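Have a look at data_13.cif; it's mmCIF, C-alpha atoms:
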```cif
data_my_file
loop_
_atom_site.label_atom_id
_atom_site.label_comp_id
_atom_site.auth_asym_id
_atom_site.auth_seq_id
_atom_site.Cartn_x
_atom_site.Cartn_y
_atom_site.Cartn_z
CA MET A 267 6.94 0.40 -27.40
CA PRO A 268 3.25 1.06 -26.59
CA ALA A 269 2.67 3.60 -23.83
CA GLN A 270 2.19 2.32 -20.30
CA VAL A 271 -0.41 4.18 -18.25
CA ILE A 272 0.39 4.02 -14.54
CA THR A 273 -1.77 5.51 -11.79
CA ILE A 274 -0.28 6.17 -8.37
CA THR A 275 -2.76 6.08 -5.50
CA SER A 276 -2.89 5.40 -1.74
CA GLY A 277 -6.23 5.95 -0.04
CA LYS A 278 -4.70 7.98 2.80
CA GLY A 279 -3.35 11.44 2.07
CA GLY A 280 0.18 12.55 2.82
CA VAL A 281 1.92 9.22 2.27
CA GLY A 282 3.92 10.46 -0.71
CA LYS A 283 1.85 9.89 -3.86
CA THR A 284 2.83 13.15 -5.51
CA THR A 285 6.46 12.72 -4.47
CA ALA A 286 6.43 9.24 -5.98
CA VAL A 287 4.92 10.46 -9.27
CA ALA A 288 7.44 13.31 -9.54
CA ASN A 289 10.41 11.07 -8.77
CA LEU A 290 9.35 8.21 -11.02
CA ALA A 291 8.71 10.70 -13.83
CA VAL A 292 12.14 12.28 -13.41
CA ALA A 293 13.84 8.88 -13.15
CA LEU A 294 12.11 7.49 -16.24
CA ALA A 295 12.76 10.67 -18.24
CA SER A 296 16.45 10.90 -17.29
CA ASP A 297 16.77 7.36 -18.57
CA GLY A 298 15.53 8.53 -21.96
CA ALA A 299 11.82 7.65 -21.83
CA ARG A 300 9.20 10.14 -22.99
CA VAL A 301 6.98 10.76 -19.95
CA VAL A 302 3.79 12.73 -19.38
CA CYS A 303 2.55 13.24 -15.80
CA VAL A 304 -1.07 14.08 -15.22
CA ASP A 305 -2.13 15.72 -11.96
CA GLY A 306 -5.52 14.18 -11.18
CA ASP A 307 -6.08 16.11 -7.96
CA ILE A 308 -8.51 18.74 -9.24
CA GLY A 309 -8.74 21.70 -6.85
CA LEU A 310 -5.66 20.67 -4.87
CA ARG A 311 -2.93 20.80 -7.46
CA ASN A 312 0.57 20.03 -6.21
CA LEU A 313 2.54 18.02 -8.74
CA ASP A 314 3.52 21.31 -10.43
CA VAL A 315 5.33 22.65 -7.33
CA ILE A 316 6.98 19.31 -6.54
CA LEU A 317 8.37 19.24 -10.09
CA GLY A 318 9.29 22.96 -9.95
CA LEU A 319 7.03 23.84 -12.90
CA GLU A 320 4.46 26.02 -11.11
CA ASN A 321 5.48 29.24 -12.87
CA ARG A 322 5.03 27.89 -16.34
CA ILE A 323 1.35 26.93 -16.23
CA VAL A 324 -0.92 28.52 -18.81
CA TYR A 325 -3.54 25.84 -19.44
CA ASP A 326 -4.68 22.94 -17.27
CA ILE A 327 -6.45 19.61 -17.61
CA VAL A 328 -9.94 21.14 -17.45
CA ASP A 329 -9.03 23.55 -20.26
CA VAL A 330 -8.14 20.52 -22.42
CA ILE A 331 -11.30 18.61 -21.48
CA GLU A 332 -13.54 21.61 -22.10
CA GLY A 333 -11.83 22.37 -25.41
CA ARG A 334 -10.28 25.75 -24.51
CA CYS A 335 -6.86 24.56 -25.67
CA ARG A 336 -5.23 21.72 -27.54
CA LEU A 337 -3.66 18.86 -25.61
CA LYS A 338 -0.11 19.93 -26.56
CA GLN A 339 -0.71 23.46 -25.26
CA ALA A 340 -1.41 22.12 -21.76
CA MET A 341 1.71 19.93 -21.73
CA ILE A 342 4.40 21.85 -19.84
CA LYS A 343 7.88 20.83 -20.88
CA ASP A 344 10.48 20.40 -18.11
CA LYS A 345 13.58 22.40 -19.08
CA ARG A 346 15.90 20.02 -17.21
CA LEU A 347 14.48 16.99 -19.01
CA PRO A 348 12.99 17.89 -22.39
CA ASN A 349 11.22 14.51 -22.67
CA LEU A 350 9.27 15.11 -19.43
CA HIS A 351 5.90 16.89 -19.58
CA LEU A 352 3.25 17.80 -17.03
CA ILE A 353 -0.47 18.33 -17.50
CA PRO A 354 -1.42 20.29 -14.37
CA ALA A 355 -4.67 19.94 -12.45
CA ALA A 356 -7.10 22.83 -12.43
CA GLN A 357 -6.83 24.76 -9.18
CA THR A 358 -9.97 26.88 -9.29
CA ARG A 359 -12.44 24.37 -10.72
CA ASP A 360 -14.60 22.08 -8.65
CA LYS A 361 -13.64 18.45 -8.75
CA ASN A 362 -16.75 17.46 -10.70
CA ALA A 363 -15.38 19.18 -13.79
CA VAL A 364 -13.74 15.90 -14.87
CA SER A 365 -15.36 12.49 -15.46
CA ALA A 366 -13.88 9.02 -15.94
CA SER A 367 -14.66 9.14 -19.68
CA ASP A 368 -12.93 12.56 -19.93
CA MET A 369 -9.83 10.97 -18.38
CA ASN A 370 -10.04 7.96 -20.69
CA ARG A 371 -10.26 10.22 -23.75
CA LEU A 372 -7.37 12.45 -22.61
CA VAL A 373 -5.11 9.50 -21.83
CA LYS A 374 -5.97 7.78 -25.11
CA ASP A 375 -4.59 10.84 -26.93
CA LEU A 376 -1.48 10.86 -24.72
CA ARG A 377 -0.62 7.24 -25.50
CA SER A 378 0.71 8.22 -28.92
CA GLU A 379 2.82 11.04 -27.41
CA CYS A 380 4.98 9.09 -24.99
CA GLU A 381 6.11 5.80 -23.43
CA PHE A 382 4.82 6.47 -19.92
CA VAL A 383 1.74 8.32 -18.67
CA LEU A 384 1.89 8.75 -14.88
CA ILE A 385 -1.35 9.79 -13.20
CA ASP A 386 -1.29 11.31 -9.71
CA SER A 387 -4.51 10.28 -7.97
CA PRO A 388 -6.13 12.35 -5.24
CA ALA A 389 -6.39 10.84 -1.75
CA GLY A 390 -9.61 9.09 -0.85
CA ILE A 391 -11.77 6.60 -2.72
CA GLU A 392 -14.26 8.98 -4.31
CA ARG A 393 -14.75 10.33 -7.80
CA GLY A 394 -11.27 11.79 -8.32
CA PHE A 395 -9.71 8.45 -7.40
CA LYS A 396 -12.10 6.55 -9.69
CA ASN A 397 -11.26 8.97 -12.55
CA ALA A 398 -7.54 8.49 -11.96
CA ILE A 399 -7.67 4.68 -12.09
CA ALA A 400 -10.11 4.48 -15.04
CA PRO A 401 -7.46 4.74 -17.79
CA ALA A 402 -4.71 2.83 -15.90
CA ASP A 403 -2.92 -0.20 -17.33
CA ARG A 404 -1.23 -0.60 -13.99
CA VAL A 405 -1.76 0.85 -10.50
CA LEU A 406 0.90 1.53 -7.88
CA VAL A 407 -0.32 1.79 -4.30
CA VAL A 408 1.83 3.94 -2.00
CA THR A 409 1.77 3.30 1.72
CA ASN A 410 3.82 4.09 4.82
CA PRO A 411 4.71 1.47 7.45
CA GLU A 412 2.06 2.85 9.75
CA VAL A 413 -1.37 1.52 10.82
CA SER A 414 -3.69 4.07 9.19
CA ALA A 415 -1.79 4.13 5.88
CA VAL A 416 -1.72 0.32 5.67
CA ARG A 417 -5.41 0.05 6.49
CA ASP A 418 -6.36 2.60 3.82
CA ALA A 419 -4.06 0.90 1.29
CA ASP A 420 -5.91 -2.35 1.94
CA ARG A 421 -9.26 -0.65 1.22
CA VAL A 422 -7.90 0.77 -2.03
CA ILE A 423 -6.49 -2.63 -3.08
CA GLY A 424 -9.93 -4.15 -2.43
CA ILE A 425 -11.56 -1.52 -4.67
CA LEU A 426 -8.94 -2.03 -7.39
CA GLU A 427 -9.70 -5.76 -7.40
CA ALA A 428 -13.44 -5.08 -7.54
CA GLU A 429 -12.96 -2.66 -10.47
CA GLY A 430 -10.87 -5.18 -12.40
CA LYS A 431 -7.69 -3.10 -12.10
CA GLY A 432 -5.78 -5.94 -10.45
CA PRO A 433 -4.48 -5.78 -6.92
CA GLY A 434 -1.76 -3.27 -7.97
CA SER A 435 1.89 -3.12 -6.94
CA LEU A 436 3.07 -1.73 -3.63
CA ILE A 437 5.51 1.08 -2.85
CA ILE A 438 6.42 1.22 0.85
CA ASN A 439 7.48 4.82 1.37
CA ARG A 440 9.25 6.52 4.30
CA LEU A 441 10.56 3.35 5.90
CA ASN A 442 12.90 4.17 8.78
CA PRO A 443 15.42 1.30 9.03
CA ALA A 444 16.60 2.31 12.52
CA LEU A 445 13.04 2.21 13.88
CA VAL A 446 12.41 -1.13 12.17
CA ARG A 447 15.56 -2.51 13.81
CA ARG A 448 14.27 -1.40 17.21
CA GLN A 449 10.98 -3.12 16.30
CA GLU A 450 9.10 0.14 16.72
CA MET A 451 8.06 0.31 13.05
CA LEU A 452 6.37 -2.25 10.81
CA SER A 453 8.99 -3.84 8.56
CA ALA A 454 8.55 -4.16 4.80
CA ASP A 455 7.90 -7.88 5.34
CA ASP A 456 5.16 -7.09 7.90
CA VAL A 457 3.42 -4.72 5.47
CA LEU A 458 3.70 -7.23 2.61
CA ASP A 459 2.36 -9.96 4.83
CA LEU A 460 -0.68 -7.82 5.69
CA LEU A 461 -1.46 -6.47 2.23
CA ALA A 462 -0.42 -9.58 0.27
CA ILE A 463 0.31 -7.85 -3.06
CA GLU A 464 3.41 -7.60 -5.23
CA LEU A 465 6.14 -5.24 -3.97
CA ILE A 466 7.70 -2.84 -6.47
CA GLY A 467 9.81 -0.68 -4.16
CA ILE A 468 10.85 0.32 -0.66
CA VAL A 469 11.82 3.96 -0.21
CA PRO A 470 13.70 4.88 2.96
CA GLU A 471 12.81 8.01 4.93
CA ASP A 472 15.17 10.70 3.65
CA GLU A 473 15.33 14.41 4.51
CA GLY A 474 16.48 14.96 0.92
CA VAL A 475 12.86 14.43 -0.20
CA LEU A 476 11.72 17.53 1.73
CA ILE A 477 14.74 19.54 0.59
CA GLY A 478 14.05 18.50 -3.00
CA SER A 479 10.42 19.58 -2.71
CA ASN A 480 11.51 22.95 -1.27
CA ARG A 481 13.59 23.48 -4.38
CA GLY A 482 11.22 21.90 -6.90
CA ALA A 483 13.94 19.37 -7.74
CA PRO A 484 12.83 15.77 -7.07
CA VAL A 485 15.37 13.72 -5.16
CA ALA A 486 15.69 11.19 -8.00
CA LEU A 487 17.81 13.88 -9.74
CA ASP A 488 20.39 13.56 -6.94
CA PRO A 489 22.69 10.61 -7.68
CA LYS A 490 23.83 10.40 -4.03
CA SER A 491 20.36 10.22 -2.43
CA LYS A 492 19.23 6.87 -1.10
CA ALA A 493 15.52 7.67 -1.60
CA GLY A 494 16.42 8.89 -5.07
CA GLN A 495 18.13 5.57 -5.78
CA ALA A 496 15.04 3.71 -4.52
CA PHE A 497 12.84 5.68 -6.94
CA ARG A 498 15.29 5.10 -9.82
CA ASN A 499 15.11 1.38 -9.05
CA ILE A 500 11.30 1.43 -9.17
CA ALA A 501 11.50 3.25 -12.52
CA ALA A 502 13.81 0.52 -13.84
CA ARG A 503 11.36 -2.16 -12.62
CA LEU A 504 8.53 -0.35 -14.46
CA LYS A 505 10.65 -0.74 -17.59
CA GLY A 506 10.74 -4.47 -16.93
CA GLN A 507 14.28 -4.63 -15.55
CA ASP A 508 15.04 -7.00 -12.70
CA VAL A 509 16.65 -4.79 -10.02
CA PRO A 510 17.43 -6.17 -6.55
CA PHE A 511 15.89 -4.31 -3.58
CA LEU A 512 18.18 -1.85 -1.74
CA ASP A 513 19.87 -3.07 1.40
CA LEU A 514 18.54 -0.50 3.85
CA ASP A 515 20.47 -1.97 6.75
CA THR A 516 23.82 -0.34 6.01
CA SER A 517 23.13 2.61 8.30
CA SER A 518 23.33 0.34 11.34
CA SER A 519 26.45 0.41 13.46
CA LEU A 520 29.16 -2.17 13.01
CA TRP A 521 28.27 -3.63 16.39
CA GLU A 522 24.59 -4.04 15.43
CA ARG A 523 25.59 -5.77 12.22
CA ILE A 524 27.87 -8.16 14.11
CA GLN A 525 25.00 -8.94 16.51
CA LYS A 526 22.76 -9.57 13.53
CA LEU A 527 25.29 -11.89 11.92
CA ALA A 528 25.62 -13.69 15.22
CA GLY A 529 21.85 -14.21 15.15
CA ARG A 530 21.16 -12.13 18.25
CA ARG A 531 18.33 -10.20 16.60
CA MET B 222 12.28 -0.90 23.35
CA SER B 223 14.28 -0.91 26.53
CA PHE B 224 15.71 -3.90 28.35
CA LEU B 225 13.26 -3.28 31.22
CA ASP B 226 10.27 -3.33 28.85
CA LYS B 227 11.45 -6.68 27.54
CA LEU B 228 11.99 -7.97 31.06
CA PHE B 229 8.41 -7.11 32.01
CA GLY B 230 7.09 -8.70 28.83
CA LYS B 231 5.96 -5.45 27.21
CA LYS B 232 5.41 -6.07 23.51
CA ASN B 233 7.28 -3.90 21.03
CA SER B 234 5.06 -1.50 19.09
CA ALA B 235 5.69 -3.04 15.66
CA ASP B 236 4.19 -6.33 16.85
CA SER B 237 1.14 -4.57 18.34
CA ALA B 238 0.69 -2.66 15.07
CA LYS B 239 0.79 -5.87 13.06
CA GLU B 240 -1.59 -7.77 15.32
CA ARG B 241 -4.07 -4.91 15.46
CA LEU B 242 -3.95 -4.48 11.70
CA GLN B 243 -4.49 -8.20 11.13
CA LEU B 244 -7.78 -8.01 13.02
CA VAL B 245 -8.90 -4.70 11.53
CA LEU B 246 -8.18 -5.86 7.96
CA ILE B 247 -10.20 -9.06 8.42
CA HIS B 248 -13.21 -7.02 9.48
CA ASP B 249 -12.68 -4.41 6.75
CA ARG B 250 -12.37 -7.08 4.05
CA THR B 251 -15.31 -9.23 5.14
CA ASP B 252 -17.60 -6.50 6.44
CA LEU B 253 -18.15 -8.65 9.55
CA THR B 254 -17.90 -7.02 12.95
CA PRO B 255 -16.61 -9.04 15.93
CA ALA B 256 -20.21 -9.09 17.26
CA GLU B 257 -21.54 -10.50 13.97
CA LEU B 258 -18.81 -13.11 13.96
CA GLU B 259 -19.80 -14.07 17.50
CA SER B 260 -23.45 -14.47 16.53
CA LEU B 261 -22.42 -16.54 13.48
CA ARG B 262 -20.48 -18.79 15.85
CA ASP B 263 -23.52 -19.21 18.11
CA ASP B 264 -25.78 -20.05 15.14
CA LEU B 265 -23.24 -22.60 13.94
CA ILE B 266 -23.13 -24.26 17.36
CA ALA B 267 -26.92 -24.38 17.57
CA THR B 268 -27.28 -25.90 14.07
CA ILE B 269 -24.61 -28.55 14.48
CA SER B 270 -25.80 -29.45 17.97
CA ARG B 271 -29.18 -30.42 16.53
CA HIS B 272 -27.42 -33.28 14.67
CA VAL B 273 -24.47 -34.23 16.79
CA GLU B 274 -23.16 -33.43 20.23
CA ILE B 275 -20.09 -31.20 20.10
CA ASP B 276 -17.49 -30.11 22.58
CA VAL B 277 -18.03 -26.35 22.61
CA THR B 278 -15.22 -25.67 25.09
CA ALA B 279 -12.59 -27.20 22.78
CA MET B 280 -14.01 -25.62 19.64
CA GLN B 281 -11.83 -23.31 17.50
CA PHE B 282 -13.53 -20.69 15.40
CA GLY B 283 -12.08 -17.76 13.53
CA MET B 284 -11.03 -16.03 10.35
CA GLU B 285 -7.80 -16.88 8.56
CA HIS B 286 -6.32 -15.28 5.50
CA ASP B 287 -4.61 -16.86 2.57
CA GLY B 288 -3.06 -14.05 0.58
CA ARG B 289 -5.91 -11.59 0.06
CA SER B 290 -8.74 -14.08 0.44
CA GLN B 291 -10.43 -14.67 3.77
CA ARG B 292 -11.42 -18.03 5.09
CA LEU B 293 -13.75 -18.88 7.93
CA VAL B 294 -12.14 -21.74 9.82
CA ALA B 295 -13.97 -23.84 12.38
CA ASP B 296 -12.54 -26.85 14.15
CA ILE B 297 -15.37 -28.49 16.07
CA PRO B 298 -14.58 -31.59 18.15
CA ILE B 299 -17.48 -34.08 18.29
CA LYS B 300 -18.03 -35.90 21.55
CA SER B 301 -17.31 -39.61 21.22
CA ALA B 302 -20.25 -41.95 20.56
CA ALA B 303 -19.63 -43.85 23.81
CA ARG B 304 -19.78 -40.64 25.83
CA ARG B 305 -22.83 -39.54 23.85
CA ARG B 306 -24.62 -42.82 24.59
CA ALA B 307 -23.69 -42.57 28.24
CA SER B 308 -24.96 -39.05 28.52
CA SER B 309 -28.14 -39.81 26.54
CA ARG B 310 -28.92 -42.71 28.95
CA LYS B 311 -28.49 -40.26 31.75
CA THR B 312 -30.87 -37.85 30.07
CA LYS B 313 -33.45 -40.58 29.58
CA ALA B 314 -33.07 -41.70 33.20
CA ARG B 315 -33.71 -38.20 34.38
#
```

Once more with this new file: its structure as structure tokens, please.
Amino acid sequence: MPAQVITITSGKGGVGKTTAVANLAVALASDGARVVCVDGDIGLRNLDVILGLENRIVYDIVDVIEGRCRLKQAMIKDKRLPNLHLIPAAQTRDKNAVSASDMNRLVKDLRSECEFVLIDSPAGIERGFKNAIAPADRVLVVTNPEVSAVRDADRVIGILEAEGKGPGSLIINRLNPALVRRQEMLSADDVLDLLAIELIGIVPEDEGVLIGSNRGAPVALDPKSKAGQAFRNIAARLKGQDVPFLDLDTSSSLWERIQKLAGRR
Amino acid sequence: MSFLDKLFGKKNSADSAKERLQLVLIHDRTDLTPAELESLRDDLIATISRHVEIDVTAMQFGMEHDGRSQRLVADIPIKSAARRRASSRKTKAR
């Protein structure tokens, strides 16, 4: 199987890009795929802590690009999942240390090493973002059901179309089903209606995500977590499997469900 | 969303969010501000009026979206020929 290069981006910061990369990587790797994650956020590296690999960094992406180490030396192996590797971002370098052609060259070499390359894009629509999407075969746009995140996602989708990277596929992250039921949060259908691109996953708000990040253990490792299940489903869809979307309505009370069945809402 | 809010016709916040986003996204995608759209509308009225008399009060003008592509939609009722003739006679008489 030829490697798939997937960039995860969002426009707005803080919507869960890094969380999505970490969880998709863990989900794909626990299912047997060889995965390399690349942290594209030069100067603001975070994927290492979310994956719990921060203490094992020796070399980073800029060291590879500037020839101070070989590619394999910068690939940190995850001890939990031996087929998962991370290439960390440089923390001390300025963000101009990497160009789009550097990224293309690096990713070209990675294609022979694995089945999935996941690139964590920085927030914004500047150089770091352009570098991150340059080598992508496919782009996933993460948004939250919230006005500023949806607006920024729309800008990013417009740029992706202009750059010939397709409209991308959408991950709606941190959806709160109870708030949606009270009509105080945009529903997944509302967001899809506005952005008009293909949906690849809906991830419910889940305190397990924060707890997982505290521990450096992404929630996709927890078989009981609902958000973890949502990320595992997205991973399966990336592998081409047809997985139905989670029913996020089960947390409602019996009475609310009866009302719904009776067509009162 | 409380019962009282509903009773007094207060819109729930998800609907406001969606409506506001619909407008904002149109302007973001087309790079047209509401003021520019307004001036486009006025130009359109002036141009068409040079050829045919239109009913400006019943005119519909706005942006619609079909997936990710934007469409400028104008529905411009033309005054009937009989009424036009009647009004042009009046103009001549004046």

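Selecting chain A residues within 10 Å of chain B and counting only C-alpha atoms yields Pro411, Glu412, Val413, Ser414, Val416, Arg417, Asp418, Asp420, Arg421, Ile423, Gly424, Pro433, Leu445, Val446, Arg448, Gln449, Glu450, Met451, Leu452, Ser453, Asp456, Val457, Leu458, Asp459, Leu460, Leu461, Ala462 and Ile463 of chain A.
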
Evaluate the PyMOL selection byres ((chain A and resi 389) around 9) on the structure here and hand back the selected residues as a PyMOL selection string. chain A and resi 275-280+283+307+387-388+390-392+394-395

Go ahead and write the residues just picked, C-alpha atoms, as a short mmCIF file (atom, residue, chain, number, x, y, z; two decimals), keeping the file's coordinate frame.
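The resulting file, out-v4.cif, is reproduced below:
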```cif
data_model
loop_
_atom_site.label_atom_id
_atom_site.label_comp_id
_atom_site.auth_asym_id
_atom_site.auth_seq_id
_atom_site.Cartn_x
_atom_site.Cartn_y
_atom_site.Cartn_z
CA THR A 275 -2.76 6.08 -5.50
CA SER A 276 -2.89 5.40 -1.74
CA GLY A 277 -6.23 5.95 -0.04
CA LYS A 278 -4.70 7.98 2.80
CA GLY A 279 -3.35 11.44 2.07
CA GLY A 280 0.18 12.55 2.82
CA LYS A 283 1.85 9.89 -3.86
CA ASP A 307 -6.08 16.11 -7.96
CA SER A 387 -4.51 10.28 -7.97
CA PRO A 388 -6.13 12.35 -5.24
CA GLY A 390 -9.61 9.09 -0.85
CA ILE A 391 -11.77 6.60 -2.72
CA GLU A 392 -14.26 8.98 -4.31
CA GLY A 394 -11.27 11.79 -8.32
CA PHE A 395 -9.71 8.45 -7.40
#
```

Near-Ala355 (chain A) list (12 Å; only C-alpha atoms; drop same-chain fewer than 4 positions) as an NGL selection string: :A and (303-315 or 320 or 323-331 or 340-342 or 359-361 or 363-364 or 369 or 385-388 or 394 or 398)

Write out as number ranges by chain the residues lying within 10 Å of region 490-504 of chain A, counting only C-alpha atoms and excluding same-chain residues fewer than 5 positions away. A: 270, 272, 285-297, 382, 404, 437, 439-441, 465-475, 484-485, 509-512, 514

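Going from CA of Leu426 (chain A) to CA of Asp403 (chain A) covers 11.8 Å.
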
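Nearest to Pro354 (chain A) of all the residues A:Gln339, A:Asn442, A:Asn480, A:Ser435 is A:Gln339, based on all atoms listed in the file.
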
With the file shown as input, list the residues that the PyMOL selection byres ((chain B and resi 284) around 9) selects, as a PyMOL selection string. chain B and resi 247+282-283+285-286+291-295

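CA of Asp276 (chain B) is positioned 5.5 Å from CA of Pro298 (chain B).
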
Starting from the point (-14.9, -33.4, 23.0), work out which residues of protein, DNA or RNA have an atom no more than 9 Å away when counting only C-alpha atoms; state them as a JSON list (two decimals) with C-alpha atoms, in the frame of the given file.
```json
[["chain", "number", "residue", "atom", "x", "y", "z"],
["B", 274, "GLU", "CA", -23.16, -33.43, 20.23],
["B", 275, "ILE", "CA", -20.09, -31.20, 20.10],
["B", 276, "ASP", "CA", -17.49, -30.11, 22.58],
["B", 277, "VAL", "CA", -18.03, -26.35, 22.61],
["B", 278, "THR", "CA", -15.22, -25.67, 25.09],
["B", 279, "ALA", "CA", -12.59, -27.20, 22.78],
["B", 280, "MET", "CA", -14.01, -25.62, 19.64],
["B", 297, "ILE", "CA", -15.37, -28.49, 16.07],
["B", 298, "PRO", "CA", -14.58, -31.59, 18.15],
["B", 299, "ILE", "CA", -17.48, -34.08, 18.29],
["B", 300, "LYS", "CA", -18.03, -35.90, 21.55],
["B", 301, "SER", "CA", -17.31, -39.61, 21.22]]
```

What is the distance, in Å and to one decimal place, between CA of Arg481 (chain A) and CA of Pro348 (chain A)? 18.9 Å
